>>> print(open('start-v7.cif').read())   # mmCIF, C-alpha atoms and all ligand atoms
data_structure
loop_
_atom_site.label_atom_id
_atom_site.label_comp_id
_atom_site.auth_asym_id
_atom_site.auth_seq_id
_atom_site.Cartn_x
_atom_site.Cartn_y
_atom_site.Cartn_z
CA MET A 1 -21.29 -8.57 10.76
CA LYS A 2 -22.12 -8.15 7.10
CA ILE A 3 -19.79 -5.61 5.51
CA LEU A 4 -19.47 -4.46 1.90
CA VAL A 5 -15.94 -3.27 1.11
CA LEU A 6 -15.60 -0.85 -1.81
CA ASN A 7 -12.33 0.18 -3.42
CA SER A 8 -13.29 2.92 -5.89
CA GLY A 9 -10.70 3.94 -8.45
CA SER A 10 -11.13 6.59 -11.12
CA SER A 11 -12.34 4.04 -13.68
CA SER A 12 -13.05 0.93 -11.62
CA VAL A 13 -14.82 -0.29 -8.51
CA LYS A 14 -13.58 -3.40 -6.71
CA TYR A 15 -16.01 -4.87 -4.21
CA ARG A 16 -16.09 -7.70 -1.69
CA LEU A 17 -18.94 -8.65 0.60
CA PHE A 18 -18.04 -10.19 3.97
CA ASP A 19 -19.94 -12.01 6.65
CA GLY A 20 -17.38 -11.80 9.46
CA THR A 21 -14.20 -13.06 7.83
CA THR A 22 -16.05 -15.12 5.19
CA THR A 23 -16.25 -13.72 1.67
CA LEU A 24 -19.82 -13.96 0.34
CA ALA A 25 -19.17 -12.31 -3.02
CA LYS A 26 -16.59 -10.25 -4.83
CA GLY A 27 -16.08 -8.61 -8.17
CA LEU A 28 -14.71 -5.81 -10.28
CA ILE A 29 -16.56 -3.23 -12.37
CA GLU A 30 -14.10 -1.92 -14.94
CA ARG A 31 -13.64 0.83 -17.49
CA ILE A 32 -16.29 3.04 -15.91
CA GLY A 33 -17.27 5.89 -18.21
CA GLU A 34 -15.56 4.39 -21.25
CA SER A 35 -17.51 3.33 -24.32
CA GLY A 36 -18.12 -0.39 -24.04
CA GLY A 37 -17.15 -0.27 -20.32
CA ASP A 38 -19.07 -2.01 -17.52
CA ALA A 39 -20.88 1.13 -16.31
CA ALA A 40 -21.50 4.74 -17.37
CA ASP A 41 -20.48 6.27 -14.04
CA HIS A 42 -19.85 5.41 -10.37
CA GLU A 43 -23.57 5.45 -9.60
CA ALA A 44 -24.30 2.94 -12.36
CA ALA A 45 -21.33 0.86 -11.15
CA LEU A 46 -22.63 0.68 -7.60
CA GLN A 47 -26.11 -0.11 -8.85
CA ARG A 48 -24.58 -3.07 -10.66
CA VAL A 49 -22.89 -4.19 -7.45
CA MET A 50 -26.16 -3.87 -5.54
CA ALA A 51 -28.04 -5.83 -8.18
CA SER A 52 -25.53 -8.68 -8.15
CA VAL A 53 -25.08 -9.26 -4.40
CA ASP A 54 -27.53 -9.78 -1.55
CA LEU A 55 -27.25 -6.72 0.66
CA ASP A 56 -30.08 -7.77 2.95
CA GLY A 57 -29.04 -7.14 6.56
CA LEU A 58 -25.94 -5.16 5.54
CA ASP A 59 -24.30 -3.64 8.64
CA ALA A 60 -21.91 -1.19 6.96
CA VAL A 61 -20.02 -0.20 3.86
CA GLY A 62 -16.23 0.15 4.22
CA HIS A 63 -14.56 2.50 1.75
CA ARG A 64 -10.87 2.38 0.99
CA VAL A 65 -9.61 5.97 1.00
CA VAL A 66 -5.98 6.51 0.03
CA HIS A 67 -5.23 9.78 1.81
CA GLY A 68 -6.42 10.69 5.28
CA GLY A 69 -3.81 13.41 5.87
CA SER A 70 -3.00 14.11 9.51
CA GLU A 71 -6.72 14.23 10.27
CA PHE A 72 -7.53 10.53 10.43
CA ARG A 73 -5.72 8.17 12.76
CA LYS A 74 -8.19 5.30 12.33
CA ALA A 75 -11.24 4.10 10.44
CA THR A 76 -13.97 6.74 10.70
CA VAL A 77 -17.74 6.75 10.23
CA ILE A 78 -18.53 9.15 7.39
CA ASP A 79 -20.89 12.08 7.98
CA ASP A 80 -21.05 15.39 6.10
CA ASP A 81 -18.12 16.80 8.08
CA VAL A 82 -15.89 13.78 7.47
CA PHE A 83 -16.81 13.88 3.78
CA ALA A 84 -15.77 17.54 3.64
CA VAL A 85 -12.42 16.81 5.33
CA ILE A 86 -11.67 14.03 2.81
CA GLU A 87 -12.56 16.50 0.04
CA GLY A 88 -10.14 18.98 1.58
CA LEU A 89 -7.36 16.40 1.23
CA VAL A 90 -7.79 16.10 -2.55
CA PRO A 91 -4.75 18.34 -3.25
CA LEU A 92 -2.60 15.75 -1.41
CA ALA A 93 -4.02 12.84 -3.44
CA PRO A 94 -5.43 14.34 -6.65
CA LEU A 95 -5.63 11.00 -8.45
CA HIS A 96 -7.01 8.87 -5.63
CA ASN A 97 -9.26 10.75 -3.23
CA PRO A 98 -11.75 12.04 -5.86
CA ALA A 99 -12.53 8.46 -6.93
CA ALA A 100 -13.10 7.36 -3.34
CA LEU A 101 -15.34 10.39 -2.80
CA SER A 102 -17.45 9.42 -5.84
CA GLY A 103 -17.87 5.93 -4.38
CA ILE A 104 -18.78 7.31 -0.96
CA ALA A 105 -21.27 9.85 -2.34
CA VAL A 106 -23.06 7.22 -4.41
CA ALA A 107 -23.11 4.66 -1.59
CA ARG A 108 -24.55 7.22 0.84
CA LYS A 109 -27.24 8.06 -1.71
CA LEU A 110 -28.16 4.48 -2.60
CA LEU A 111 -27.80 3.03 0.94
CA PRO A 112 -28.83 5.97 3.14
CA ASP A 113 -29.58 3.87 6.22
CA VAL A 114 -26.31 1.93 6.25
CA PRO A 115 -23.28 3.38 8.10
CA GLN A 116 -20.44 4.25 5.73
CA VAL A 117 -16.92 3.96 7.12
CA ALA A 118 -13.73 5.35 5.59
CA VAL A 119 -10.55 3.26 6.03
CA PHE A 120 -7.42 5.20 5.14
CA ASP A 121 -4.13 3.91 3.68
CA THR A 122 -2.36 6.58 5.71
CA ALA A 123 -3.99 6.09 9.13
CA PHE A 124 -1.75 3.25 10.34
CA HIS A 125 1.33 5.45 9.91
CA GLN A 126 0.03 8.27 12.11
CA THR A 127 1.93 6.63 14.99
CA ILE A 128 5.29 7.36 13.34
CA PRO A 129 7.07 9.78 15.72
CA PRO A 130 7.66 13.34 14.48
CA GLU A 131 11.34 12.72 13.80
CA GLY A 132 10.34 10.00 11.34
CA ALA A 133 7.55 11.98 9.70
CA VAL A 134 8.88 15.54 9.44
CA TYR A 135 10.98 16.61 6.45
CA ALA A 136 13.90 18.91 7.24
CA ILE A 137 12.59 21.76 5.09
CA ASP A 138 11.43 25.28 6.00
CA ALA A 139 8.98 24.49 8.81
CA SER A 140 6.59 27.29 7.91
CA LEU A 141 6.28 26.02 4.33
CA ALA A 142 5.75 22.47 5.56
CA GLU A 143 3.01 23.55 7.94
CA ARG A 144 1.23 25.80 5.50
CA TRP A 145 1.15 23.18 2.74
CA GLN A 146 0.69 20.03 4.88
CA ILE A 147 4.06 18.68 3.78
CA ARG A 148 5.24 15.67 5.80
CA ARG A 149 5.55 11.91 5.48
CA TYR A 150 2.13 10.26 5.56
CA GLY A 151 2.95 6.78 4.25
CA PHE A 152 0.59 4.40 2.43
CA HIS A 153 -0.35 0.69 2.19
CA GLY A 154 -1.25 1.03 5.88
CA THR A 155 -4.01 -1.58 5.87
CA SER A 156 -1.62 -4.09 4.30
CA HIS A 157 1.27 -3.38 6.68
CA ALA A 158 -1.06 -3.53 9.70
CA TYR A 159 -2.57 -6.83 8.57
CA VAL A 160 0.72 -8.48 7.62
CA ALA A 161 2.52 -7.40 10.80
CA ARG A 162 -0.29 -8.84 12.93
CA GLN A 163 -0.45 -12.07 10.92
CA THR A 164 3.33 -12.44 11.19
CA ALA A 165 3.28 -12.02 14.98
CA GLU A 166 0.47 -14.59 15.16
CA LEU A 167 2.28 -17.02 12.87
CA LEU A 168 5.42 -16.86 15.02
CA GLY A 169 3.62 -16.72 18.36
CA LEU A 170 5.23 -13.37 19.18
CA PRO A 171 3.69 -11.09 21.81
CA ALA A 172 1.53 -8.68 19.78
CA ASP A 173 2.34 -5.71 22.02
CA ARG A 174 6.11 -6.08 21.63
CA ALA A 175 6.82 -7.78 18.31
CA LYS A 176 9.25 -5.97 16.01
CA VAL A 177 8.42 -6.71 12.40
CA ILE A 178 9.71 -5.28 9.13
CA THR A 179 6.99 -5.64 6.50
CA LEU A 180 7.83 -5.47 2.80
CA HIS A 181 4.79 -4.88 0.60
CA LEU A 182 6.06 -5.54 -2.94
CA GLY A 183 3.23 -5.18 -5.47
CA ASN A 184 2.98 -2.76 -8.38
CA GLY A 185 3.37 -0.12 -5.70
CA ALA A 186 5.89 -1.11 -3.04
CA SER A 187 6.71 0.06 0.45
CA ALA A 188 8.52 -1.04 3.58
CA CYS A 189 7.35 -0.50 7.13
CA ALA A 190 8.87 -0.92 10.59
CA VAL A 191 6.22 -2.09 13.05
CA GLU A 192 6.73 -2.25 16.81
CA GLY A 193 4.00 -3.64 19.01
CA GLY A 194 1.48 -3.38 16.16
CA ARG A 195 2.26 0.31 15.56
CA SER A 196 4.00 1.76 12.52
CA VAL A 197 7.20 3.57 13.52
CA ALA A 198 8.71 4.13 10.05
CA THR A 199 7.67 3.69 6.44
CA SER A 200 9.26 4.26 3.05
CA MET A 201 6.53 6.15 1.20
CA GLY A 202 6.17 9.81 2.02
CA MET A 203 3.84 12.70 1.35
CA SER A 204 2.92 10.73 -1.77
CA PRO A 205 3.33 7.07 -2.82
CA LEU A 206 6.33 7.98 -5.00
CA PRO A 207 9.39 7.67 -2.72
CA GLY A 208 11.03 4.68 -1.08
CA LEU A 209 11.37 1.34 -2.81
CA VAL A 210 11.71 0.87 -6.57
CA MET A 211 8.27 0.02 -8.00
CA GLY A 212 6.70 -1.21 -11.23
CA THR A 213 6.52 2.26 -12.75
CA ARG A 214 7.54 4.61 -9.89
CA SER A 215 11.11 5.66 -9.17
CA GLY A 216 11.15 5.38 -5.40
CA ASP A 217 13.85 7.52 -3.76
CA ILE A 218 15.73 9.95 -5.95
CA ASP A 219 17.60 13.18 -5.30
CA PRO A 220 14.95 15.95 -5.65
CA THR A 221 17.48 17.88 -7.71
CA VAL A 222 16.76 15.44 -10.55
CA ILE A 223 13.43 17.26 -10.90
CA PHE A 224 15.01 20.74 -11.02
CA HIS A 225 17.58 19.47 -13.50
CA LEU A 226 14.99 17.90 -15.80
CA HIS A 227 13.00 21.12 -15.68
CA ARG A 228 15.75 23.71 -15.93
CA VAL A 229 18.37 21.96 -18.02
CA ALA A 230 16.35 19.42 -20.02
CA GLY A 231 13.39 21.81 -20.41
CA LEU A 232 10.68 19.31 -19.45
CA PRO A 233 7.42 20.74 -18.10
CA ILE A 234 6.64 19.83 -14.50
CA ASP A 235 3.64 17.63 -15.46
CA GLU A 236 5.80 15.63 -17.82
CA ILE A 237 8.44 15.10 -15.13
CA GLU A 238 5.74 13.88 -12.76
CA ARG A 239 4.45 11.48 -15.41
CA SER A 240 7.96 10.24 -16.09
CA LEU A 241 8.73 9.55 -12.42
CA THR A 242 5.36 7.92 -11.68
CA ARG A 243 4.63 6.01 -14.90
CA PHE A 244 7.88 5.56 -16.78
CA ALA A 245 10.32 4.97 -13.94
CA GLY A 246 11.04 2.01 -11.64
CA LEU A 247 11.25 -1.35 -13.42
CA GLN A 248 9.55 0.25 -16.42
CA GLY A 249 12.17 2.96 -16.60
CA LEU A 250 15.16 0.66 -16.22
CA ALA A 251 14.00 -2.44 -18.11
CA GLY A 252 11.14 -1.12 -20.26
CA ASP A 253 8.75 -3.48 -18.47
CA ASN A 254 6.84 -2.97 -15.24
CA ASP A 255 6.01 -6.62 -14.61
CA MET A 256 8.49 -8.36 -12.29
CA ARG A 257 7.75 -11.76 -13.86
CA THR A 258 8.92 -10.55 -17.27
CA VAL A 259 11.89 -8.73 -15.77
CA GLN A 260 12.91 -11.96 -14.02
CA ASP A 261 12.51 -14.06 -17.15
CA ARG A 262 14.78 -11.65 -19.01
CA TRP A 263 17.21 -11.53 -16.07
CA ALA A 264 17.40 -15.34 -16.13
CA ALA A 265 18.21 -15.14 -19.85
CA GLY A 266 21.07 -12.71 -19.15
CA ASP A 267 19.43 -9.48 -20.40
CA PRO A 268 21.62 -6.61 -19.04
CA ALA A 269 18.84 -3.99 -18.59
CA ALA A 270 16.61 -6.47 -16.76
CA THR A 271 19.56 -7.57 -14.61
CA LEU A 272 20.31 -3.99 -13.60
CA ALA A 273 16.61 -3.33 -12.88
CA PHE A 274 16.40 -6.45 -10.70
CA ASP A 275 19.60 -5.53 -8.85
CA VAL A 276 18.52 -1.93 -8.21
CA TYR A 277 15.12 -3.16 -7.01
CA CYS A 278 16.59 -5.66 -4.55
CA ARG A 279 19.36 -3.40 -3.28
CA ARG A 280 16.81 -0.72 -2.39
CA ILE A 281 14.88 -3.27 -0.33
CA LYS A 282 18.09 -4.20 1.48
CA GLU A 283 18.82 -0.53 2.22
CA TYR A 284 15.43 -0.17 3.91
CA VAL A 285 15.79 -3.43 5.83
CA GLY A 286 19.08 -2.12 7.21
CA THR A 287 17.54 1.22 8.09
CA TYR A 288 14.60 -0.37 9.87
CA LEU A 289 16.79 -2.82 11.78
CA ALA A 290 18.53 0.27 13.14
CA ILE A 291 15.28 2.11 13.88
CA LEU A 292 13.79 -0.91 15.68
CA GLY A 293 17.04 -1.88 17.39
CA GLY A 294 16.81 -5.33 15.78
CA ALA A 295 13.78 -7.21 14.47
CA ASP A 296 11.96 -10.42 15.36
CA ALA A 297 10.80 -10.92 11.80
CA ILE A 298 10.87 -9.72 8.22
CA ALA A 299 7.69 -10.40 6.24
CA PHE A 300 7.36 -10.35 2.46
CA THR A 301 3.92 -9.70 0.96
CA ALA A 302 1.97 -8.69 -2.20
CA GLY A 303 2.56 -9.96 -5.77
CA VAL A 304 6.36 -9.91 -5.85
CA GLY A 305 6.88 -10.52 -2.13
CA GLU A 306 4.58 -13.57 -2.09
CA HIS A 307 5.68 -15.11 -5.38
CA SER A 308 9.32 -14.29 -6.09
CA PRO A 309 11.85 -16.43 -4.21
CA GLU A 310 14.54 -14.74 -6.31
CA VAL A 311 13.69 -11.26 -5.02
CA ARG A 312 13.49 -12.53 -1.43
CA THR A 313 16.92 -14.16 -1.72
CA ALA A 314 18.64 -11.26 -3.47
CA SER A 315 17.25 -8.56 -1.19
CA LEU A 316 18.39 -10.32 2.01
CA ALA A 317 21.67 -11.75 0.64
CA GLY A 318 24.76 -11.18 2.76
CA LEU A 319 22.89 -10.32 5.96
CA SER A 320 23.76 -13.42 7.98
CA ALA A 321 25.97 -11.31 10.29
CA LEU A 322 22.72 -9.56 11.28
CA GLY A 323 20.96 -12.85 11.99
CA ILE A 324 19.10 -12.87 8.67
CA THR A 325 19.31 -16.02 6.54
CA ILE A 326 16.99 -17.85 4.17
CA ASP A 327 16.54 -21.63 3.86
CA GLU A 328 16.48 -21.98 0.09
CA ALA A 329 14.33 -25.13 0.03
CA ARG A 330 11.68 -23.37 2.13
CA ASN A 331 11.99 -20.24 0.03
CA GLU A 332 11.53 -22.16 -3.23
CA ARG A 333 8.48 -23.94 -1.85
CA GLY A 334 7.04 -20.63 -0.68
CA ASP A 335 6.67 -21.80 2.94
CA ARG A 336 5.24 -19.30 5.40
CA ILE A 337 8.53 -19.33 7.34
CA ILE A 338 11.55 -19.36 5.03
CA SER A 339 14.37 -18.83 7.55
CA PRO A 340 16.05 -21.84 9.22
CA ASP A 341 14.64 -23.07 12.54
CA GLY A 342 15.95 -21.03 15.45
CA ALA A 343 17.20 -18.15 13.30
CA PRO A 344 17.53 -14.88 15.28
CA VAL A 345 15.34 -13.09 12.72
CA ALA A 346 12.44 -15.04 11.23
CA VAL A 347 11.88 -14.41 7.52
CA CYS A 348 8.27 -14.98 6.46
CA VAL A 349 6.00 -14.95 3.43
CA VAL A 350 2.59 -13.66 4.52
CA PRO A 351 -0.16 -13.09 1.95
CA THR A 352 -1.80 -9.71 2.41
CA ASP A 353 -5.56 -9.16 2.38
CA GLU A 354 -6.39 -5.47 2.37
CA GLU A 355 -10.15 -5.96 1.92
CA LEU A 356 -10.37 -8.31 4.91
CA GLU A 357 -8.40 -5.83 7.01
CA ILE A 358 -10.79 -3.05 5.92
CA ALA A 359 -13.79 -5.20 6.89
CA GLN A 360 -12.21 -5.93 10.28
CA GLN A 361 -11.43 -2.27 10.93
CA VAL A 362 -15.01 -1.34 10.00
CA THR A 363 -16.34 -3.97 12.40
CA GLU A 364 -14.09 -2.67 15.19
CA GLN A 365 -15.15 0.90 14.50
CA LEU A 366 -18.84 0.03 14.73
CA ARG A 367 -18.28 -1.81 18.00
CA ASP A 368 -16.52 1.20 19.60
P1 LIG B 1 -1.07 -4.51 -6.97
O1 LIG B 1 -0.11 -3.61 -6.28
O2 LIG B 1 -1.61 -3.95 -8.25
O3 LIG B 1 -2.12 -5.12 -6.06
P2 LIG B 1 0.20 -7.14 -6.90
O4 LIG B 1 0.33 -7.17 -5.43
O5 LIG B 1 -0.72 -8.13 -7.55
O6 LIG B 1 -0.16 -5.71 -7.46
O7 LIG B 1 1.67 -7.32 -7.52
C1 LIG B 1 1.89 -7.22 -8.88
C2 LIG B 1 3.35 -7.55 -9.16
O8 LIG B 1 3.62 -8.88 -8.69
C3 LIG B 1 3.71 -7.53 -10.64
O9 LIG B 1 4.94 -6.87 -10.85
C4 LIG B 1 3.88 -9.01 -10.96
O10 LIG B 1 4.81 -9.20 -11.98
C5 LIG B 1 4.42 -9.53 -9.66
N1 LIG B 1 4.32 -10.99 -9.60
C6 LIG B 1 3.22 -11.76 -9.56
N2 LIG B 1 3.57 -13.08 -9.57
C7 LIG B 1 4.92 -13.12 -9.62
C8 LIG B 1 5.89 -14.18 -9.69
N3 LIG B 1 5.52 -15.46 -9.69
N4 LIG B 1 7.19 -13.83 -9.72
C9 LIG B 1 7.59 -12.54 -9.73
N5 LIG B 1 6.72 -11.52 -9.69
C10 LIG B 1 5.41 -11.79 -9.65
#
>>> encode(input="start-v7.cif", output="C-alpha cells")
Amino acid sequence: MKILVLNSGSSSVKYRLFDGTTTLAKGLIERIGESGGDAADHEAALQRVMASVDLDGLDAVGHRVVHGGSEFRKATVIDDDVFAVIEGLVPLAPLHNPAALSGIAVARKLLPDVPQVAVFDTAFHQTIPPEGAVYAIDASLAERWQIRRYGFHGTSHAYVARQTAELLGLPADRAKVITLHLGNGASACAVEGGRSVATSMGMSPLPGLVMGTRSGDIDPTVIFHLHRVAGLPIDEIERSLTRFAGLQGLAGDNDMRTVQDRWAAGDPAATLAFDVYCRRIKEYVGTYLAILGGADAIAFTAGVGEHSPEVRTASLAGLSALGITIDEARNERGDRIISPDGAPVAVCVVPTDEELEIAQQVTEQLRD
C-alpha cells in the first residue's frame, strides 16, 4: 500500500511516503508562517509536499496525533465526528493537537478521495490497567476534567517492543519488554505480550524520566511553592518545567552530546545532570521489573538510547543481581544485543521508526 505519513507541528510538517515498508520520499517543511520560512501556512506546506512527491495511487494519509484521550484505542479513519472528538481533546494537548488538526483539515481538503487515518501517541497505552492509569486524587474531579495517565510515544514503544521480541525470537504474545525511549522527550514503558501495561509519562508528556528540557517527575508541591512563595505566575512555572528544566535546567544545555562532553571533562553541573538522568532511568527499570514480575529484555531507543553507550551503562549499573548486565565491547560497538550471551535479561539497542509504525498501523486499519 502507498501511504503518506504526516507529522504536523505548529510550525513544521514532516512527511514520509511509503510503498509498503519502503520509503519513496521524505522531507521537512520548516518555519511555517514565519517570514522567510518554507510556507505561509499548513495549506501551502501540504501543497509543497504534494508538488514534490508522486501521490498517484495513494491509498491513505496517516496523521500523527499526539493526544487521543480515552476515546481512541487504535488508529482511526477520520470523518467529521472523529475530527470533532480530536478537537475536543485540545485542552489536554493545547500545543500539539491543534497542529495535527490543521494538517488533517488541509489534507482532507486537498485529497478528498483519500482515506485519512489518525494514529495517536496515546492509543498504545490504553491497555494500561486502571490501577496504573488512575491518579489517587478526588475521583469526581478526575472524571470531570479527564485527569488520568494517558502516556505518549506509543507508536515508538509499540514498534520497539515488537522489534525486540523479533530480534530475540521471543513469543510475541508473552514477551516482557521494558522499552526506554530516550530522545529530546523521554519515556519508559513496560510491555507484556505486545500490550503496554505501564508508562512513565502521564496526563501530559511532562512527568517520568528526565528529558532535554522537561523535568520529569517532581513533587507537585514545587508548583504551589513557586507560585505562592516565589510569586511566579502559573504560565511561567509551566514554561520553566517544560523548557528550562531537565538537562537544560541542571546543566544549562539540553543536548546530551554536549552534556556528556562536559561530563567527560569533569564539569560538575554536567556530571550531576548526567547522574540524575541515569538514576531516574534506573528507578523506572526497577519499577517495571516489579510490575512485569521480571523482564525478558530491556530495549534502548531514540537519540540518546541508540547512541550513548555511557547512558546505557550508567543507567543499568549495579543491577547484575537482577540478571541485568552489559557486555562493554558490544555496548561500545552499538551491537543490537549488548548483554552477554545467555544473560537472564537481554539488553538491546533497537532503532525506533515512528513513521514506519504509523504507516503499518494505517495499513492494518484499512485492512480491517
Ligand atoms: P527527538 O525526540 O527530537 O526525535 P532524538 O530521538 O533525535 O530526538 O534524540 C535527540 C537527543 O539524542 C539529543 O539530546 C542528542 O544530544 C542525543 N544524541 C544524539 N546522538 C548522541 C550521541 N552520540 N551521544 C549522546 N547523545 C546523543
>>> residues_near_ligand(input="start-v7.cif", ligand="ligand LIG 1 (chain B)", cutoff="6 Å", atoms="all atoms listed in the file", output="list of chain:residue names")
A:Gly183, A:Asn184, A:Gly185, A:Gly212, A:Asp255, A:Met256, A:Arg257, A:Ala302, A:Gly303, A:Val304, A:His307, A:Ser308
>>> closest_residue(input="start-v7.cif", among="A:Glu306, A:Asp368, A:Asp353, A:Asp261", to="Arg162 (chain A)", atoms="all atoms listed in the file")
A:Asp353
>>> residues_around(input="start-v7.cif", residues="Thr21 (chain A)", least_positions_apart="6", cutoff="10 Å", atoms="only C-alpha atoms", output="list in words")
Met1, Lys2, Ile3, Leu356, Glu357, Ala359 and Gln360 of chain A
>>> write_last_selection(input="start-v7.cif", atoms="C-alpha atoms", output="CSV table (one decimal), in the frame of the given file")
chain,number,residue,atom,x,y,z
A,1,MET,CA,-21.3,-8.6,10.8
A,2,LYS,CA,-22.1,-8.2,7.1
A,3,ILE,CA,-19.8,-5.6,5.5
A,356,LEU,CA,-10.4,-8.3,4.9
A,357,GLU,CA,-8.4,-5.8,7.0
A,359,ALA,CA,-13.8,-5.2,6.9
A,360,GLN,CA,-12.2,-5.9,10.3
>>> atom_distance(input="start-v7.cif", atom1="CA of Val114 (chain A)", atom2="CA of Asp59 (chain A)")
6.4 Å
>>> closest_residue(input="start-v7.cif", among="A:Val49, A:Leu110, A:Ile298, A:Ile337", to="Val160 (chain A)", atoms="all atoms listed in the file")
A:Ile298
>>> atom_distance(input="start-v7.cif", atom1="CA of Pro220 (chain A)", atom2="CA of Pro207 (chain A)")
10.4 Å
>>> atom_distance(input="start-v7.cif", atom1="CA of Thr287 (chain A)", atom2="CA of Ala317 (chain A)")
15.5 Å
>>> closest_residue(input="start-v7.cif", among="A:Val345, A:Ile223, A:Ile358, A:Ile324", to="Arg16 (chain A)", atoms="only C-alpha atoms")
A:Ile358
>>> closest_residue(input="start-v7.cif", among="A:Arg243, A:His227, A:Arg280, A:His42", to="Ser187 (chain A)", atoms="all atoms listed in the file")
A:Arg280
>>> closest_residue(input="start-v7.cif", among="A:Asp327, A:Glu166, A:Asp253, A:Glu364", to="Ser339 (chain A)", atoms="all atoms listed in the file")
A:Asp327
>>> closest_residue(input="start-v7.cif", among="A:Leu241, A:Leu17, A:Ile128, A:Ala273", to="Asp56 (chain A)", atoms="only C-alpha atoms")
A:Leu17
>>> residues_around(input="start-v7.cif", residues="region 349-351 of chain A", least_positions_apart="3", cutoff="10 Å", atoms="only C-alpha atoms", output="NGL selection string")
:A and (156 or 159-161 or 163-164 or 167 or 179-181 or 298-303 or 305-307 or 309 or 312 or 331 or 334-338 or 354)
>>> residues_around(input="start-v7.cif", residues="Gly88 (chain A)", least_positions_apart="2", cutoff="12 Å", atoms="all atoms listed in the file", output="list in words")
His67, Gly68, Gly69, Ser70, Glu71, Asp81, Val82, Phe83, Ala84, Val85, Ile86, Val90, Pro91, Leu92, Ala93, Pro94, Asn97, Pro98, Leu101 and Gln146 of chain A
>>> residues_around(input="start-v7.cif", residues="Cys189 (chain A)", least_positions_apart="3", cutoff="7 Å", atoms="only C-alpha atoms", output="PyMOL selection string")
chain A and resi 157+178-180+196+198-200
>>> residues_around(input="start-v7.cif", residues="Ala295 (chain A)", least_positions_apart="5", cutoff="10 Å", atoms="all atoms listed in the file", output="number ranges by chain")
A: 175-178, 190-192, 285, 288-290, 322-324, 344-346
